[in-house]
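Beneath this line is the structure, given in structure tokens, with notes to follow.
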Amino acid sequence: MIIQSAGYKIFIADDPFGELRRFLRSRDYTSCFIICDENSMLHCLPILVTACPALSSAGIIETESGEQNKTLDIAAQVWQTMAENHADRKTLVVNLGGGVITDLGGFCASVYKRGVDFINIPTTLLGMVDASVGAKNGLDFLELKNLIGTFTEPEAVFISPVFLETLPYQHIMNGMAEVYKMALVSDKKFWKALSDDEHDNDPLKLITRNVKLKNEIVKKDPFDEGVRKALNFGHTIGHALESLYMGSENPLLHGEAVLHGMIIETRIANLKKLISVQGLEFEENEILGLLSNDKKTSGKTLRFSLINGIGSCSVDVNVSLAQIRSAMAYYRELLS
Ligand code: GLY
């Protein structure tokens with residue numbers, strides 16, 4: 001399956017590597033760097049290089065896994081390695097990993113020598129269904145998620161579920177959070193199919209259906225000014241939770257934080273009368289403090305993307321602090 005995004009193609013197949021080999025042959029890159037973490041280096045790089053031997057001469061830049069490493073310091077190390085190895089403007093960066101790698105690697109490529117080409121080869125479900133598609137990349141800064149970044153399109157995205165076989169269950173659930181979100185904000189039939197476990201044994205179909213939905217939204221609103229904000233459902237609270245637990249002994253994976261965020265935000269949607277719906281000891285003040293720094297807020301007004309039914313979403317809904325506190329209290333009660 002080939003999905004056309006604004007300026008690039010997304011190849012989704014059990015074996016998209018023939019397309020990758022064709023892509024590499026069609027370009028005249030002077031050098032290539034593969035950015036990966038210790039997991040994708042161990043489990044995915046051998047698969048990639050076997051399928052695409054031209055990449056065996058690529059430089060390997062290994063970073064440490066985890067959102068806590070999506071930082072300016074790590075980006076500086078990537079740029080330093082590229083510079084020391086004479087990467088020029090005709091260099092290709094290959095991002096082989098989950099959302100942290102495609103965000104970080106995409107950002108590094110997008111500003112190195114004012115921008116070099118990059119491709120995404122996501123190896124986690126979250127990377128496949130969300131992070132690798134849509135041209136957002138970036139870093140966390142001052143403990144705030146994605147505070148620094150650019151909208152820069154990859155040259156292409158190559159998605160193969162073969163890499164999912166290397167993933168622990170926790171990371172499959174991490175990606176499923178974004179799949180549930182996509183269905184909740186945009187497609188009631190998809191939600192029904194997920195509820196009926198229709199795609200359980202067919203990851204290729206699940207990923208393709210999700211990426212098609214995301215791609216349609218991104219094409220309508222590439223810079224997150226309108227309808228794309230629906231993809232932030234669960235993320236305003238989710239990002240605050242993720243920031244709160246980042247660096248702790250039990251950091252939350254992005255999808256885990258978004259799952260909590262979606263439940264709390266659905267309660268907020270109910271309080272806002274958008275939807276009718278038949279413990280964590282949150283440190284509420286800290287969460288509210290983190291929320292006021294969230295990129296999606298403007299001034300003192302907290303603006304959320306909230307579902308107003310299964311399969312549709314209202315964006316830029318003004319929410320009071322009292323409503324957020326009330327939703328968190330409701331969630332605490334659910335958990336106790
Ligand atoms: N991950 C949300 C977006 O791409 O807009």
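Every chain in the structure tokens takes a letter, A first, then B, and so on in the order presented; its residues are numbered from 1, and the ligands are numbered from 1 following the presented order.
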Within 8 Å of ligand 1, counting only C-alpha atoms and all ligand atoms, residues as a PyMOL selection string: chain A and resi 130-131+133-136+214+218+224+228-229+231-232
Could the residues of range 131-150 of chain A that have an atom at most 9 Å from range 100-104 of chain A be listed as JSON lines, each with its closest atom pair and the distance in Å to one decimal, counting only C-alpha atoms and ordered by chain and ascending residue number?
{"residue": "A:Ala131", "atom": "CA", "partner": "A:Thr102", "partner_atom": "CA", "distance": 6.9}
{"residue": "A:Ser132", "atom": "CA", "partner": "A:Thr102", "partner_atom": "CA", "distance": 5.9}
{"residue": "A:Lys136", "atom": "CA", "partner": "A:Asp103", "partner_atom": "CA", "distance": 7.1}
{"residue": "A:Asn137", "atom": "CA", "partner": "A:Asp103", "partner_atom": "CA", "distance": 4.1}
{"residue": "A:Gly138", "atom": "CA", "partner": "A:Asp103", "partner_atom": "CA", "distance": 5.1}
{"residue": "A:Leu139", "atom": "CA", "partner": "A:Leu104", "partner_atom": "CA", "distance": 6.2}
{"residue": "A:Asn146", "atom": "CA", "partner": "A:Asp103", "partner_atom": "CA", "distance": 8.8}
{"residue": "A:Gly149", "atom": "CA", "partner": "A:Asp103", "partner_atom": "CA", "distance": 8.5}
Gap from CA of Leu184 in chain A to CA of Ile310 in chain A - Å, one decimal: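 So the two atoms, CA of Leu184 in chain A and CA of Ile310 in chain A, lie 5.2 Å apart.
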Residue neighbourhood His43 in chain A, 12 Å, only C-alpha atoms, exclusion window fewer than 3 positions, as a PDB file with C-alpha atoms, in the first residue's frame:
ATOM      1  CA  CYS A  36      18.871   4.305  16.253  1.00  0.00           C
ATOM      2  CA  ASP A  37      18.733   3.419  19.947  1.00  0.00           C
ATOM      3  CA  GLU A  38      20.154   0.335  21.650  1.00  0.00           C
ATOM      4  CA  ASN A  39      16.918  -1.614  21.015  1.00  0.00           C
ATOM      5  CA  SER A  40      16.467  -0.824  17.348  1.00  0.00           C
ATOM      6  CA  PRO A  46      20.224  -6.387  11.182  1.00  0.00           C
ATOM      7  CA  ILE A  47      16.812  -6.865   9.512  1.00  0.00           C
ATOM      8  CA  LEU A  48      17.162  -3.544   7.703  1.00  0.00           C
ATOM      9  CA  VAL A  49      20.708  -4.102   6.486  1.00  0.00           C
ATOM     10  CA  LEU A  96      15.263   3.712  12.620  1.00  0.00           C
ATOM     11  CA  GLY A  97      13.294   3.515  15.850  1.00  0.00           C
ATOM     12  CA  THR A 123      10.046   0.175  14.559  1.00  0.00           C
ATOM     13  CA  THR A 124       7.378   0.623  17.252  1.00  0.00           C
ATOM     14  CA  VAL A 162       7.934  -7.127  10.869  1.00  0.00           C
ATOM     15  CA  PHE A 163       9.583  -4.914  13.481  1.00  0.00           C
ATOM     16  CA  LEU A 164       6.638  -5.318  15.858  1.00  0.00           C
ATOM     17  CA  GLU A 165       7.750  -8.899  16.504  1.00  0.00           C
ATOM     18  CA  THR A 166      10.731  -7.448  18.391  1.00  0.00           C
ATOM     19  CA  LEU A 167       8.539  -5.366  20.733  1.00  0.00           C
ATOM     20  CA  PRO A 168       7.491  -6.103  24.335  1.00  0.00           C
TER      21      PRO A 168
END
9 Å contact set for Gly106 in chain A, only C-alpha atoms, chain neighbours under 6 positions out, as a list of chain:residue names: A:Val93, A:Val94, A:Asn95, A:Asp117, A:Phe118, A:Ile119, A:Asn120, A:Ala135, A:Lys136, A:Asn137, A:Gly138, A:Thr150, A:Thr152, A:Glu153, A:Pro154
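Between Phe23 in chain A and the residues A:Leu194, A:Gly99, A:Glu155, A:Asn210, the shortest atom-to-atom distance, using only C-alpha atoms, involves A:Glu155.
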Could I get the residues of range 151-222 of chain A with an atom no further than 7 Å from an atom of range 11-20 of chain A, each paired with its nearest atom pair and that distance in Å to one decimal, using only C-alpha atoms, sorted by chain and residue number, as JSON lines?
{"residue": "A:Val157", "atom": "CA", "partner": "A:Phe11", "partner_atom": "CA", "distance": 6.1}
{"residue": "A:Phe158", "atom": "CA", "partner": "A:Phe11", "partner_atom": "CA", "distance": 4.9}
{"residue": "A:Ile159", "atom": "CA", "partner": "A:Ile12", "partner_atom": "CA", "distance": 4.7}
{"residue": "A:Ser160", "atom": "CA", "partner": "A:Asp14", "partner_atom": "CA", "distance": 5.0}
{"residue": "A:Pro161", "atom": "CA", "partner": "A:Asp14", "partner_atom": "CA", "distance": 6.0}
{"residue": "A:Val162", "atom": "CA", "partner": "A:Asp14", "partner_atom": "CA", "distance": 6.3}
{"residue": "A:Leu204", "atom": "CA", "partner": "A:Ala13", "partner_atom": "CA", "distance": 6.9}
{"residue": "A:Thr208", "atom": "CA", "partner": "A:Ile12", "partner_atom": "CA", "distance": 6.8}
d(CA of Ile35 in chain A, CA of Met82 in chain A) in Å: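 If I compute the distance from CA of Ile35 in chain A to CA of Met82 in chain A, I get 10.6 Å.
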Spatial neighbours of range 73-78 of chain A, 8 Å, only C-alpha atoms, chain gap at least 2 places, as a list of chain:residue names: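 Listing them by chain and then by number gives A:Ile61, A:Thr63, A:Asn69, A:Lys70, A:Thr71, A:Gln80, A:Thr81, A:Met82, A:Leu104, A:Gly105, A:Cys108.
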Distance criterion (only C-alpha atoms): nearest to Tyr8 in chain A out of A:Ala58, A:Ala156, A:Ala240, A:Val116: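 Of A:Ala58, A:Ala156, A:Ala240, A:Val116, the one nearest Tyr8 in chain A, counting only C-alpha atoms, is A:Ala156.
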For Ala83 in chain A: contacts at 12 Å, only C-alpha atoms, fewer than 3 positions along chain excluded, given as a short mmCIF file (atom, residue, chain, number, x, y, z; two decimals) with all heavy atoms, in the first residue's frame:
data_model
loop_
_atom_site.label_atom_id
_atom_site.label_comp_id
_atom_site.auth_asym_id
_atom_site.auth_seq_id
_atom_site.Cartn_x
_atom_site.Cartn_y
_atom_site.Cartn_z
N SER A 31 26.48 10.42 1.51
CA SER A 31 26.69 9.55 2.68
C SER A 31 25.35 9.35 3.37
O SER A 31 24.34 10.00 3.04
CB SER A 31 27.68 10.20 3.66
OG SER A 31 27.17 11.42 4.13
N PHE A 33 23.54 8.27 7.33
CA PHE A 33 23.68 7.98 8.77
C PHE A 33 22.38 7.38 9.27
O PHE A 33 21.30 7.94 9.01
CB PHE A 33 24.00 9.27 9.54
CG PHE A 33 25.36 9.80 9.24
CD1 PHE A 33 25.57 10.60 8.12
CD2 PHE A 33 26.44 9.48 10.04
CE1 PHE A 33 26.84 11.07 7.81
CE2 PHE A 33 27.71 9.94 9.74
CZ PHE A 33 27.91 10.73 8.62
N GLY A 59 26.90 5.22 8.32
CA GLY A 59 27.37 5.47 9.68
C GLY A 59 26.23 5.19 10.66
O GLY A 59 25.07 5.47 10.34
N ALA A 76 22.90 17.51 20.00
CA ALA A 76 24.25 18.06 19.77
C ALA A 76 25.24 16.93 19.48
O ALA A 76 26.13 17.08 18.62
CB ALA A 76 24.69 18.87 20.98
N GLN A 77 25.06 15.80 20.17
CA GLN A 77 25.96 14.66 19.90
C GLN A 77 25.75 14.12 18.48
O GLN A 77 26.70 13.74 17.80
CB GLN A 77 25.70 13.54 20.92
CG GLN A 77 26.19 13.89 22.32
CD GLN A 77 25.76 12.83 23.34
OE1 GLN A 77 25.50 11.69 23.00
NE2 GLN A 77 25.69 13.24 24.60
N VAL A 78 24.50 14.10 18.05
CA VAL A 78 24.21 13.63 16.68
C VAL A 78 24.88 14.57 15.67
O VAL A 78 25.59 14.13 14.75
CB VAL A 78 22.69 13.56 16.43
CG1 VAL A 78 22.38 13.28 14.95
CG2 VAL A 78 22.05 12.49 17.31
N TRP A 79 24.68 15.88 15.87
CA TRP A 79 25.28 16.84 14.93
C TRP A 79 26.81 16.72 14.93
O TRP A 79 27.44 16.81 13.90
CB TRP A 79 24.87 18.28 15.30
CG TRP A 79 23.42 18.55 15.07
CD1 TRP A 79 22.66 18.16 14.01
CD2 TRP A 79 22.54 19.28 15.94
NE1 TRP A 79 21.38 18.60 14.14
CE2 TRP A 79 21.26 19.29 15.32
CE3 TRP A 79 22.69 19.93 17.16
CZ2 TRP A 79 20.16 19.92 15.88
CZ3 TRP A 79 21.59 20.57 17.73
CH2 TRP A 79 20.34 20.56 17.09
N GLN A 80 27.38 16.54 16.14
CA GLN A 80 28.84 16.44 16.24
C GLN A 80 29.34 15.23 15.44
O GLN A 80 30.31 15.34 14.67
CB GLN A 80 29.25 16.32 17.71
CG GLN A 80 30.76 16.37 17.86
CD GLN A 80 31.19 16.49 19.33
OE1 GLN A 80 30.39 16.83 20.20
NE2 GLN A 80 32.44 16.19 19.59
N HIS A 86 32.05 14.33 8.31
CA HIS A 86 31.95 15.11 7.06
C HIS A 86 30.61 14.96 6.36
O HIS A 86 30.55 14.92 5.12
CB HIS A 86 33.10 14.71 6.10
CG HIS A 86 34.43 14.64 6.78
ND1 HIS A 86 35.06 15.77 7.27
CD2 HIS A 86 35.22 13.58 7.10
CE1 HIS A 86 36.19 15.40 7.86
NE2 HIS A 86 36.30 14.08 7.79
N ALA A 87 29.53 14.86 7.12
CA ALA A 87 28.20 14.84 6.48
C ALA A 87 27.99 16.18 5.79
O ALA A 87 28.15 17.24 6.40
CB ALA A 87 27.13 14.61 7.54
N ASP A 88 27.65 16.13 4.51
CA ASP A 88 27.40 17.38 3.78
C ASP A 88 25.91 17.52 3.48
O ASP A 88 25.10 16.77 4.00
CB ASP A 88 28.27 17.44 2.51
CG ASP A 88 27.94 16.31 1.55
OD1 ASP A 88 26.86 15.69 1.68
OD2 ASP A 88 28.78 16.03 0.66
N ARG A 89 25.58 18.46 2.61
CA ARG A 89 24.15 18.73 2.38
C ARG A 89 23.46 17.62 1.58
O ARG A 89 22.24 17.60 1.49
CB ARG A 89 23.97 20.08 1.68
CG ARG A 89 24.44 21.22 2.59
CD ARG A 89 23.85 22.52 2.20
NE ARG A 89 22.40 22.51 2.36
CZ ARG A 89 21.59 23.35 1.74
NH1 ARG A 89 22.08 24.23 0.91
NH2 ARG A 89 20.29 23.29 1.94
N THR A 91 23.69 14.50 2.38
CA THR A 91 23.65 13.34 3.28
C THR A 91 22.20 12.92 3.52
O THR A 91 21.31 13.77 3.56
CB THR A 91 24.31 13.74 4.63
OG1 THR A 91 25.70 13.81 4.43
CG2 THR A 91 24.00 12.75 5.73
N CYS A 108 17.11 16.73 14.03
CA CYS A 108 18.54 16.89 13.74
C CYS A 108 18.76 17.12 12.24
O CYS A 108 19.51 18.01 11.84
CB CYS A 108 19.33 15.66 14.19
SG CYS A 108 19.45 15.53 15.97
N ALA A 109 18.09 16.31 11.42
CA ALA A 109 18.26 16.43 9.97
C ALA A 109 17.69 17.76 9.46
O ALA A 109 18.26 18.38 8.57
CB ALA A 109 17.56 15.26 9.26
N TYR A 112 20.39 20.51 10.36
CA TYR A 112 21.81 20.32 10.07
C TYR A 112 22.12 20.91 8.70
O TYR A 112 21.47 20.58 7.71
CB TYR A 112 22.17 18.82 10.09
CG TYR A 112 23.63 18.55 9.84
CD1 TYR A 112 24.57 18.65 10.87
CD2 TYR A 112 24.09 18.22 8.57
CE1 TYR A 112 25.92 18.43 10.63
CE2 TYR A 112 25.44 17.98 8.32
CZ TYR A 112 26.34 18.09 9.36
OH TYR A 112 27.68 17.86 9.12
N LYS A 113 23.06 21.81 8.64
CA LYS A 113 23.39 22.53 7.38
C LYS A 113 22.12 23.08 6.73
O LYS A 113 21.92 22.98 5.52
CB LYS A 113 24.15 21.62 6.41
CG LYS A 113 25.56 21.30 6.92
CD LYS A 113 26.45 20.79 5.82
CE LYS A 113 27.84 20.49 6.38
NZ LYS A 113 28.87 21.36 5.83
#
Å distance separating CA of Arg303 in chain A from CA of Gly175 in chain A, one decimal place: 24.8 Å
DSSP strand (DSSP E or B) residues within range 107-243 of chain A, listed as an MDAnalysis selection string: chainID A and resid 117:122 136:141 144:151 156:159
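Residues surrounding Arg267 in chain A within 12 Å are Gly234, Ile237, His260, Gly261, Lys273, Leu274, Ile275, Ser276, Val277, Gln278, Leu306, Ile307, Asn308, Val319, Gln323, Ile324, Arg325, Ser326, Ala327, Met328, Ala329, Tyr330, Tyr331, Arg332 and Leu334 of chain A [only C-alpha atoms; sequence separation below 6 positions excluded].
Closest approach to Phe151 in chain A among A:Val179, A:Leu125, A:Val111, A:Ala322: A:Val111, based on only C-alpha atoms.
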Proximity to Val129 in chain A - best of A:Gly226, A:Gly309, A:Pro203, A:Gly115, only C-alpha atoms: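 Among the listed residues, A:Pro203 lies closest to Val129 in chain A.
Using only C-alpha atoms, the nearest neighbour of Lys188 in chain A within the list A:Gln4, A:Thr30, A:Ser57, A:Ser312 is A:Ser312.
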Using only C-alpha atoms: which of A:Ile263, A:Ile60, A:Met128, A:Val185 has the shortest distance to Ile207 in chain A: A:Met128
Residues of range 145-306 of chain A in helix (DSSP H, G or I), written as an NGL selection string: :A and (161-166 or 169-186 or 188-195 or 203-220 or 227-232 or 235-245 or 254-271 or 284-292)
